[in-house]
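> One structure follows; several queries about it will come next.
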Amino acid sequence: MSAARDIARRRSRLRAALPAAGLLPLVLWQIVFFVVPVALILGLSVWRSQSYRLIPAFTFDNYIAIFARPAIWRALLLSVETAAFVTVACAVLAYPVAYFIAKKAGRWRGLLLVAVIAPFWISIVMRVAAWRLLLGERGVINQMAIALGLTEAPMSFLLYSPVSTAIGLIYAYLPLYVLPLYAAISNIHDNWIDAAMDLNASPTRTFFEVILPLSAPGLVVGAVFCFVFGLGEFVTPALLGGGKQLMFSQVIQDEFQRRLDWPSGAAMAVVLLVLVFASLALSMKWIRRASGETGL
Amino acid sequence: MTEPVPNAVELRAVSKVYGASTAVREVSMDIARGAFVTILGPSGCGKSTLLRMISGFVSPSSGDVLIDGVSVLGAAPYERDTAMVFQDYALFPHRTVAQNLAFGLRMRKVAKDEIARRVEAMLELVNLKGFGDRRVSQMSGGQAQRVALGRALIVRPAVLLLDEPLGALDLKLRKQMQAELKTIHRDLGLTFVAVTHDQEEALTLSDRIAVMNGGALEQFDTPENLYRRPATRFVADFVGNANLFDARLGSDGRVEAQGLPLTLFLNPVQRGGRQSGAAIALVVRPETIAVGATAPESHDGRVEAQVEEIMFSGAVQQIVGRLPDGRRITAHQSAALPAPERGTTAVFSWPSQSVWLVDA
Ligand SMILES: Nc1ncnc2c1ncn2[C@@H]1O[C@H](COP(=O)(O)OP(=O)(O)OP(=O)(O)O)[C@@H](O)[C@H]1O
Ligand SMILES: [Mg+2]
């Protein structure tokens, strides 16, 4: 009697555990490739380094030291500024594209979405090479500007500067912004738009009263993608940035590889990580508020 | 001297053509101020298209639309004094019930305190007092329906347009909302134009019904006239249940039904100026038919039929008979009267003055 009940209970517990077991690979993956490295970096950041040797310790000196170096402040600021600028620029550029694909493209929708994602399939090195051809002192843009008499000398700030980094990043991240925006805008029923106009809202009012608020989840998700990726971006600034004004990720790499001060580099990485998590947490709050409002 | 009051809506031969198909064909209609008009017709007959031409979301291919006596062809939806209740309600999901109600007033730049006052009054009118701060996603179907109605009513439009407003509700709620809609219409005195494909709803709600078929207006008349004096065979068939018998008009009012041992004499009003020899259809309403072993003296229309089905539905019983040539005849009679036995032959009879004619 009770043995049978025992087996039944054990079975039902097993059945409850089974769906969770499906998550196991994901959990393992996260532990191996996320939790462990982060723990290592955290641990490393409180050690000390003396004549290129690691000395176990528990000290916040590394953190204090990096904030005492103006070059690092500058790099961090440049990274945040660039990421913010790229995010805003992507939002402004992506919105009309996403709106058009979601609401006006009709049967071209699928094709246009593929076209938006297409640059993803091209290796970043090739994309960067293309930008060099376009932006360089003897690049297409400068030659056209000179031919048209817009400038006399080639504009040197176009390539190997924060400007070219930003352009490269905007281009790279645009699909990351279009996709979530597209998803959010497709969820806006045409009837809601019609209802607003029917109640005497002009097209502009309708946009600000109905369409924009209901796009908020897509705007926030896209912003998170762009900002977080932009903050930690390494390849594009390394190849297009010219190396005179470094971004934070480049400084971290420098710390590890050239100065060989691993604890100090780890502390910088932790700072970056904190920034990323802070912006993620903030956006989660926004998304929850935005989706609370849409009742999803 | 009083100026003549312009009609709330006038449609002048409006058509809408989509490529090769015509959604609305030369519809003309005058809708008086304060009227409750329903547009009735089967699915795809152009009802929504007609409504959307009044609200401005669809522009007519030809013809003219007037609101309060002024042509609105050049006016965008947001410039017209109409308000629509959408079939799926189209409530703004990011706004509360009260904010949904306030929307139209805000767009019309009404003062804040007046908005607050009118929203409160509207919540009361549509029976949603205390629900103002709810999210629309938390409202039931019936409640959402009331919010949608209130959101359109609150701006007191020249015309309130309702596209299948009760279509998503279950039967009981539907009946209840029909009654509320009628009360609200009477109390506010606004012009209502509603679309439905439910003929019973059209008959109970409105002062006038526009019956549409295949994009064309078949008849625009009072419910009673539609029922008693349908203009076309389609209307006779679509509005209420009718027994239709093809027949030919003989001289001096004689009618010979095809394939039926039936001869009737009709008066000139019923004949409606038709020439003898015209192909017609007799419209015999089920409730005018008596079923029994013999026919009452006054019933000069009589046919014998085999009783095939008796369906009891509360106050009336529906009796379906099978005529010798296989056609069906349906009678409604009081459930208080004795029903014939299924399978027996009974006489289905009616007085000829209750018959109506339509062109075949
Ligand atoms: N934008 C459009 N493009 C092409 N055809 C259309 C368009 N809108 C409507 N139609 C066609 O016009 C006809 C009338 O459509 P409408 O929506 O007015 O019908 P309805 O009477 O409201 O039908 P229902 O009861 O199903 O809502 C239909 O045949 C429909 O396919
Ligand atoms: Mg419709």
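Note on naming: chains are A, B, ... as they come in the structure tokens, residues start from 1 per chain, ligands start from 1 in the order shown.
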Pick out the residues sitting within 12 Å of range 249-257 of chain A, and hand them over as an MDAnalysis selection string; count only C-alpha atoms, and ignore anything fewer than 4 positions along from it in its own chain.
chainID A and resid 41 44:45 49 52 62 66 69:80 229:239 241:245 261:273
> Quick one: which residues from chain B are at most 7 Å off chain A, using only C-alpha atoms, as a PyMOL selection string?
chain B and resi 77-79+83-84+90-95+104+107-108+137
> Can those selected residues be exported to a file as a JSON list (two decimals), in the first residue's frame so that it contains C-alpha atoms?

```json
[["chain", "number", "residue", "atom", "x", "y", "z"],
["B", 77, "PRO", "CA", -10.69, 60.59, -40.71],
["B", 78, "TYR", "CA", -9.25, 62.82, -37.99],
["B", 79, "GLU", "CA", -11.03, 65.83, -39.45],
["B", 83, "ALA", "CA", -16.59, 58.11, -34.02],
["B", 84, "MET", "CA", -16.33, 54.40, -34.54],
["B", 90, "ALA", "CA", -9.38, 48.46, -30.62],
["B", 91, "LEU", "CA", -8.90, 49.76, -27.09],
["B", 92, "PHE", "CA", -5.47, 51.30, -26.50],
["B", 93, "PRO", "CA", -3.63, 48.60, -24.53],
["B", 94, "HIS", "CA", -1.17, 51.00, -22.93],
["B", 95, "ARG", "CA", -3.90, 53.13, -21.42],
["B", 104, "GLY", "CA", -10.98, 61.70, -27.96],
["B", 107, "MET", "CA", -7.43, 65.24, -29.02],
["B", 108, "ARG", "CA", -10.28, 67.73, -29.29],
["B", 137, "SER", "CA", -6.50, 43.90, -20.58]]
```
> Kindly indicate which residue among B:Met212, B:Ala148, B:Ala116, B:Ile31 lies nearest to ligand 1, using only C-alpha atoms and all ligand atoms for the distances.
B:Met212
> Quick one: residues within 7 Å of ligand 2, with only C-alpha atoms and all ligand atoms, as a list in words?
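Using only C-alpha atoms and all ligand atoms, I find these residues within 7 Å of ligand 2: Gly44, Lys47, Ser48 and Asp163 of chain B.
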> CA of Leu226 in chain B and CA of Val195 in chain B, how far apart in Å?
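These atoms are spaced 16.5 Å apart.
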> For the alpha helix (DSSP H) assignment from backbone DSSP, which residues of range 159-313 of chain B qualify? Please present them as a count of residues only.
41
> Which residues come within 8 Å of His299 in chain B, counting only C-alpha atoms, excluding same-chain residues fewer than 2 positions away, as number ranges by chain?
B: 295-297, 301-302, 349-352
> Go ahead and write the selection's residues with C-alpha atoms as a compact mmCIF listing (two decimals), in the first residue's frame.

```
# COMPACT_ATOMS: atom_id res chain seq x y z
CA ALA B 295 -58.19 25.03 -43.01
CA PRO B 296 -60.07 27.89 -41.34
CA GLU B 297 -62.76 29.44 -43.53
CA GLY B 301 -54.25 29.80 -49.50
CA ARG B 302 -54.03 26.07 -48.80
CA SER B 349 -53.16 27.43 -44.86
CA TRP B 350 -53.01 31.24 -44.79
CA PRO B 351 -55.17 34.20 -45.73
CA SER B 352 -54.27 35.66 -49.10
```
> Could you list, as a ChimeraX atom specification, all protein and nucleic acid residues with an atom at most 9 Å from ligand 1, counting only C-alpha atoms and all ligand atoms?
/B:16-19,21-24,39-52,58,163-164,195-197,212-215
> Extract, using only C-alpha atoms, all DNA, RNA and protein residues at most 9 Å from range 177-190 of chain B, discarding same-chain residues fewer than 4 positions from it, and format them as number ranges by chain.
B: 33-36, 125-126, 142, 145-146, 149, 153, 156-160, 166, 172-173, 201, 204-206
> Just the selected residues (N, CA and C atoms), exported as a short mmCIF file (atom, residue, chain, number, x, y, z; two decimals), in the first residue's frame, please.

```
data_model
loop_
_atom_site.label_atom_id
_atom_site.label_comp_id
_atom_site.auth_asym_id
_atom_site.auth_seq_id
_atom_site.Cartn_x
_atom_site.Cartn_y
_atom_site.Cartn_z
N ARG B 33 -30.97 62.92 -38.61
CA ARG B 33 -30.37 63.15 -37.29
C ARG B 33 -31.12 62.38 -36.23
N GLY B 34 -30.38 61.75 -35.34
CA GLY B 34 -30.98 61.04 -34.22
C GLY B 34 -31.51 59.67 -34.58
N ALA B 35 -31.32 59.25 -35.83
CA ALA B 35 -31.83 57.94 -36.23
C ALA B 35 -30.90 56.84 -35.75
N PHE B 36 -31.45 55.64 -35.67
CA PHE B 36 -30.64 54.45 -35.43
C PHE B 36 -30.80 53.57 -36.66
N LEU B 125 -22.55 56.07 -17.29
CA LEU B 125 -23.50 55.76 -18.37
C LEU B 125 -23.31 54.33 -18.89
N VAL B 126 -22.06 53.91 -19.04
CA VAL B 126 -21.84 52.57 -19.59
C VAL B 126 -21.64 51.53 -18.48
N GLY B 142 -17.61 41.84 -22.36
CA GLY B 142 -18.72 42.78 -22.26
C GLY B 142 -18.27 44.14 -21.75
N GLN B 145 -16.39 45.97 -24.42
CA GLN B 145 -17.37 46.48 -25.36
C GLN B 145 -17.92 47.83 -24.89
N ARG B 146 -18.22 47.91 -23.57
CA ARG B 146 -18.75 49.16 -23.02
C ARG B 146 -17.72 50.26 -23.07
N LEU B 149 -17.60 51.53 -26.56
CA LEU B 149 -18.78 52.35 -26.83
C LEU B 149 -18.62 53.72 -26.18
N LEU B 153 -18.68 57.43 -27.73
CA LEU B 153 -19.82 58.29 -27.37
C LEU B 153 -19.38 59.60 -26.74
N ARG B 156 -19.38 62.89 -28.36
CA ARG B 156 -20.68 63.27 -28.92
C ARG B 156 -20.56 63.56 -30.42
N PRO B 157 -20.22 62.52 -31.18
CA PRO B 157 -20.00 62.73 -32.61
C PRO B 157 -21.31 62.99 -33.35
N ALA B 158 -21.19 63.59 -34.51
CA ALA B 158 -22.38 63.79 -35.35
C ALA B 158 -22.95 62.43 -35.75
N VAL B 159 -22.07 61.46 -35.96
CA VAL B 159 -22.50 60.11 -36.28
C VAL B 159 -21.66 59.12 -35.48
N LEU B 160 -22.33 58.20 -34.81
CA LEU B 160 -21.61 57.12 -34.15
C LEU B 160 -21.70 55.90 -35.06
N LEU B 166 -21.52 43.99 -31.42
CA LEU B 166 -21.83 42.93 -30.45
C LEU B 166 -21.40 41.56 -30.96
N LYS B 172 -26.40 35.80 -24.51
CA LYS B 172 -27.07 36.47 -23.41
C LYS B 172 -26.58 37.90 -23.27
N LEU B 173 -25.24 38.05 -23.32
CA LEU B 173 -24.64 39.36 -23.20
C LEU B 173 -25.08 40.25 -24.37
N GLU B 201 -30.98 41.17 -34.73
CA GLU B 201 -30.40 42.34 -34.07
C GLU B 201 -30.82 43.61 -34.80
N THR B 204 -34.49 44.43 -34.00
CA THR B 204 -34.79 44.96 -32.66
C THR B 204 -34.17 46.32 -32.42
N LEU B 205 -32.99 46.58 -33.00
CA LEU B 205 -32.27 47.80 -32.64
C LEU B 205 -32.77 49.05 -33.34
N SER B 206 -33.05 48.94 -34.64
CA SER B 206 -33.00 50.17 -35.42
C SER B 206 -34.36 50.70 -35.86
#
```
> I need the residue nearest Leu42 in chain A from this list: A:Trp29, A:Tyr63, A:Trp121, A:Tyr99. Use only C-alpha atoms for the distance.
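Of A:Trp29, A:Tyr63, A:Trp121, A:Tyr99, the one nearest Leu42 in chain A is A:Tyr63, counting only C-alpha atoms.
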> So the first atom is CA of Ser215 in chain A and the second is CA of Leu162 in chain B; what is the distance between them in Å, to one decimal place?
28.2 Å
